[in-house]
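Visitor: Structure below; questions to follow.
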Amino acid sequence: MKKPAIFHPEAEAEFLAAVAYYADKAGGLGERFYQEVRRVVSEIEVEPRRHGPWRHGTRRCRAKRFPYAVIFAERSDRLIVVAVAHGKRHPDYWRERLA
């Protein structure tokens with residue numbers, strides 16, 4: 001059964017900041033990043049457990065062609081995207097968002 005993914009406000013803000021960053025880098029790159037993250041979110045909504053346990057009770061799905069991952073927590077009725085994390089950032093910066 002498909003579970004809707006809800007973005008934590010800070011995860012949504014960092015996602016949109018990354019879209020803006022890529023849009024400034026090259027024409028169309030921001031849109032490609034946006035579409036890739038949306039593809040990842042759609043994938044986890046359908047099969048969240050396809051992605052193994054990661055840290056602090058979360059799961060992670062990496063984006064293709066970009067150094068980012070969508071980190072999410074599974075609840076009984078929904079998924080919470082706690083981070084759209086760059087692979088080079090401190091790995092646990094989003095931990096307090098799980099509260």
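Labeling convention for the structure tokens: chains A, B, ... as they appear, residues from 1 per chain, ligands from 1 in order of appearance.
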May I have the residues within 10 Å of Gly57 in chain A as a list in words, using only C-alpha atoms and disregarding those fewer than 6 positions away in the same chain?
Guide: Phe72, Ala73, Glu74 and Leu98 of chain A
Visitor: Compile the contact shell of Tyr22 in chain A as number ranges by chain: residues with an atom at most 10 Å away, counting only C-alpha atoms, same-chain residues fewer than 4 positions apart removed.
Guide: A: 16-18, 26-34
Visitor: Restricting the calculation to only C-alpha atoms, which member of A:Trp94, A:Lys88, A:Ala11, A:Val19 is positioned closest to Glu36 in chain A?
Guide: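 Nearest to Glu36 in chain A: A:Val19.
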Visitor: Got a sec to tell me which of chain A DSSP assigns to helix (DSSP H, G or I), as JSON, numbers by chain?
Guide: {"A": [9, 10, 11, 12, 13, 14, 15, 16, 17, 18, 19, 20, 21, 22, 23, 24, 25, 29, 30, 31, 32, 33, 34, 35, 36, 37, 38, 39, 40, 41, 42, 43, 44, 45, 46, 48, 49, 50, 95, 96, 97, 98]}
Visitor: Go ahead and dump the residues you just picked, N, CA and C atoms, as a tab-separated table (two decimals), in the first residue's frame.
Guide:
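Wrote it out as again-v3.tsv, contents follow:
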chain	number	residue	atom	x	y	z
A	9	PRO	N	9.66	20.46	7.43
A	9	PRO	CA	9.89	21.81	6.89
A	9	PRO	C	11.36	22.11	6.58
A	10	GLU	N	12.27	21.66	7.42
A	10	GLU	CA	13.70	21.91	7.16
A	10	GLU	C	14.20	21.09	5.98
A	11	ALA	N	13.66	19.90	5.80
A	11	ALA	CA	14.04	19.08	4.65
A	11	ALA	C	13.54	19.73	3.36
A	12	GLU	N	12.33	20.26	3.40
A	12	GLU	CA	11.81	20.95	2.21
A	12	GLU	C	12.65	22.18	1.89
A	13	ALA	N	13.04	22.93	2.92
A	13	ALA	CA	13.86	24.13	2.70
A	13	ALA	C	15.21	23.77	2.09
A	14	GLU	N	15.85	22.70	2.59
A	14	GLU	CA	17.16	22.34	2.03
A	14	GLU	C	17.02	21.79	0.62
A	15	PHE	N	15.92	21.11	0.34
A	15	PHE	CA	15.65	20.62	-1.00
A	15	PHE	C	15.52	21.80	-1.98
A	16	LEU	N	14.71	22.78	-1.62
A	16	LEU	CA	14.51	23.93	-2.50
A	16	LEU	C	15.78	24.76	-2.65
A	17	ALA	N	16.59	24.83	-1.60
A	17	ALA	CA	17.88	25.54	-1.69
A	17	ALA	C	18.81	24.83	-2.66
A	18	ALA	N	18.80	23.51	-2.64
A	18	ALA	CA	19.64	22.74	-3.57
A	18	ALA	C	19.14	22.90	-5.00
A	19	VAL	N	17.83	22.95	-5.19
A	19	VAL	CA	17.27	23.19	-6.52
A	19	VAL	C	17.76	24.54	-7.04
A	20	ALA	N	17.70	25.57	-6.19
A	20	ALA	CA	18.14	26.91	-6.59
A	20	ALA	C	19.63	26.92	-6.91
A	21	TYR	N	20.41	26.21	-6.10
A	21	TYR	CA	21.86	26.13	-6.34
A	21	TYR	C	22.14	25.54	-7.72
A	22	TYR	N	21.52	24.42	-8.02
A	22	TYR	CA	21.74	23.77	-9.32
A	22	TYR	C	21.19	24.62	-10.47
A	23	ALA	N	20.10	25.33	-10.25
A	23	ALA	CA	19.55	26.19	-11.29
A	23	ALA	C	20.53	27.31	-11.64
A	24	ASP	N	21.26	27.80	-10.64
A	24	ASP	CA	22.27	28.84	-10.88
A	24	ASP	C	23.50	28.31	-11.60
A	25	LYS	N	23.75	27.01	-11.45
A	25	LYS	CA	24.94	26.41	-12.05
A	25	LYS	C	24.83	26.28	-13.57
A	29	LEU	N	19.55	22.46	-15.00
A	29	LEU	CA	20.09	21.54	-13.99
A	29	LEU	C	19.23	21.51	-12.73
A	30	GLY	N	18.73	22.68	-12.33
A	30	GLY	CA	17.84	22.73	-11.16
A	30	GLY	C	16.59	21.89	-11.37
A	31	GLU	N	16.02	21.98	-12.56
A	31	GLU	CA	14.82	21.18	-12.88
A	31	GLU	C	15.14	19.70	-12.89
A	32	ARG	N	16.29	19.32	-13.41
A	32	ARG	CA	16.67	17.90	-13.41
A	32	ARG	C	16.85	17.38	-11.99
A	33	PHE	N	17.46	18.20	-11.13
A	33	PHE	CA	17.62	17.80	-9.73
A	33	PHE	C	16.25	17.66	-9.07
A	34	TYR	N	15.38	18.64	-9.29
A	34	TYR	CA	14.04	18.59	-8.73
A	34	TYR	C	13.32	17.31	-9.15
A	35	GLN	N	13.35	17.00	-10.43
A	35	GLN	CA	12.68	15.81	-10.94
A	35	GLN	C	13.29	14.53	-10.38
A	36	GLU	N	14.60	14.50	-10.19
A	36	GLU	CA	15.24	13.31	-9.65
A	36	GLU	C	14.82	13.07	-8.20
A	37	VAL	N	14.78	14.12	-7.40
A	37	VAL	CA	14.35	13.95	-6.01
A	37	VAL	C	12.88	13.55	-5.96
A	38	ARG	N	12.04	14.11	-6.81
A	38	ARG	CA	10.63	13.71	-6.85
A	38	ARG	C	10.50	12.24	-7.26
A	39	ARG	N	11.36	11.79	-8.18
A	39	ARG	CA	11.36	10.37	-8.58
A	39	ARG	C	11.69	9.49	-7.38
A	40	VAL	N	12.72	9.89	-6.62
A	40	VAL	CA	13.11	9.13	-5.44
A	40	VAL	C	11.96	9.08	-4.44
A	41	VAL	N	11.32	10.21	-4.19
A	41	VAL	CA	10.21	10.25	-3.24
A	41	VAL	C	9.07	9.34	-3.72
A	42	SER	N	8.77	9.37	-4.99
A	42	SER	CA	7.72	8.47	-5.52
A	42	SER	C	8.09	7.01	-5.32
A	43	GLU	N	9.36	6.70	-5.50
A	43	GLU	CA	9.84	5.33	-5.31
A	43	GLU	C	9.67	4.88	-3.86
A	44	ILE	N	10.04	5.74	-2.92
A	44	ILE	CA	9.94	5.33	-1.51
A	44	ILE	C	8.49	5.25	-1.06
A	45	GLU	N	7.60	6.05	-1.67
A	45	GLU	CA	6.19	5.96	-1.31
A	45	GLU	C	5.62	4.59	-1.65
A	46	VAL	N	6.08	4.01	-2.73
A	46	VAL	CA	5.58	2.71	-3.18
A	46	VAL	C	6.25	1.56	-2.45
A	48	PRO	N	8.87	1.59	0.50
A	48	PRO	CA	9.82	2.16	1.46
A	48	PRO	C	10.80	1.14	2.03
A	49	ARG	N	10.37	-0.09	2.18
A	49	ARG	CA	11.26	-1.09	2.80
A	49	ARG	C	12.26	-1.69	1.83
A	50	ARG	N	12.18	-1.28	0.59
A	50	ARG	CA	13.19	-1.69	-0.38
A	50	ARG	C	14.56	-1.14	0.02
A	95	ARG	N	19.33	14.76	12.62
A	95	ARG	CA	18.81	13.84	13.64
A	95	ARG	C	17.72	14.45	14.52
A	96	GLU	N	17.86	15.72	14.89
A	96	GLU	CA	16.86	16.34	15.78
A	96	GLU	C	15.50	16.47	15.10
A	97	ARG	N	15.44	16.31	13.80
A	97	ARG	CA	14.17	16.40	13.08
A	97	ARG	C	13.28	15.18	13.32
A	98	LEU	N	13.82	14.16	13.92
A	98	LEU	CA	13.05	12.93	14.18
A	98	LEU	C	12.12	13.06	15.38
Visitor: Please determine, counting only C-alpha atoms, which residue among A:His51, A:Arg62, A:Arg75, A:His90 has the shortest atom-to-atom distance to Ala5 in chain A.
Guide: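 Of the candidates, the smallest distance to Ala5 in chain A is held by A:Arg75.
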Visitor: Select, from A:Gly52, A:Ile80, A:Pro91, A:Glu47, the residue with the minimum atom-to-atom distance to Tyr68 in chain A, counting only C-alpha atoms.
Guide: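 Between A:Gly52, A:Ile80, A:Pro91, A:Glu47, the residue approaching Tyr68 in chain A most closely is A:Pro91.
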Visitor: Chain A: which residues are strand (DSSP E) by DSSP, as a list in words?
Guide: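 Across chain A, those assigned strand (DSSP E) are Ala5, Ile6, Phe7, Arg59, Arg60, Cys61, Arg62, Tyr68, Ala69, Val70, Ile71, Phe72, Ala73, Glu74, Leu79, Ile80, Val81, Val82, Ala83, Val84, Ala85 and His86 of chain A.
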Visitor: In Å to one decimal, how far is CA of Gly87 in chain A from CA of His56 in chain A?
Guide: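 Result for CA of His56 in chain A versus CA of Gly87 in chain A: 17.1 Å, one decimal.
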Visitor: Show which residues sit within 10 Å of Asp92 in chain A, as an MDAnalysis selection string. Count only C-alpha atoms, and ignore same-chain residues fewer than 6 positions away.
Guide: chainID A and resid 55:56 83 85
Visitor: Pick out the closest residue to Phe66 in chain A from this set: A:His86, A:Val81, A:Trp54, A:Ile6. Count only C-alpha atoms.
Guide: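 Going through A:His86, A:Val81, A:Trp54, A:Ile6 one by one, the smallest distance to Phe66 in chain A is for A:His86.
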Visitor: Taking into account only C-alpha atoms, which residue in the set A:Ile71, A:Lys64, A:Asp77, A:Thr58 is nearest to Lys2 in chain A?
Guide: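 The shortest atom-to-atom distance to Lys2 in chain A comes from A:Asp77.
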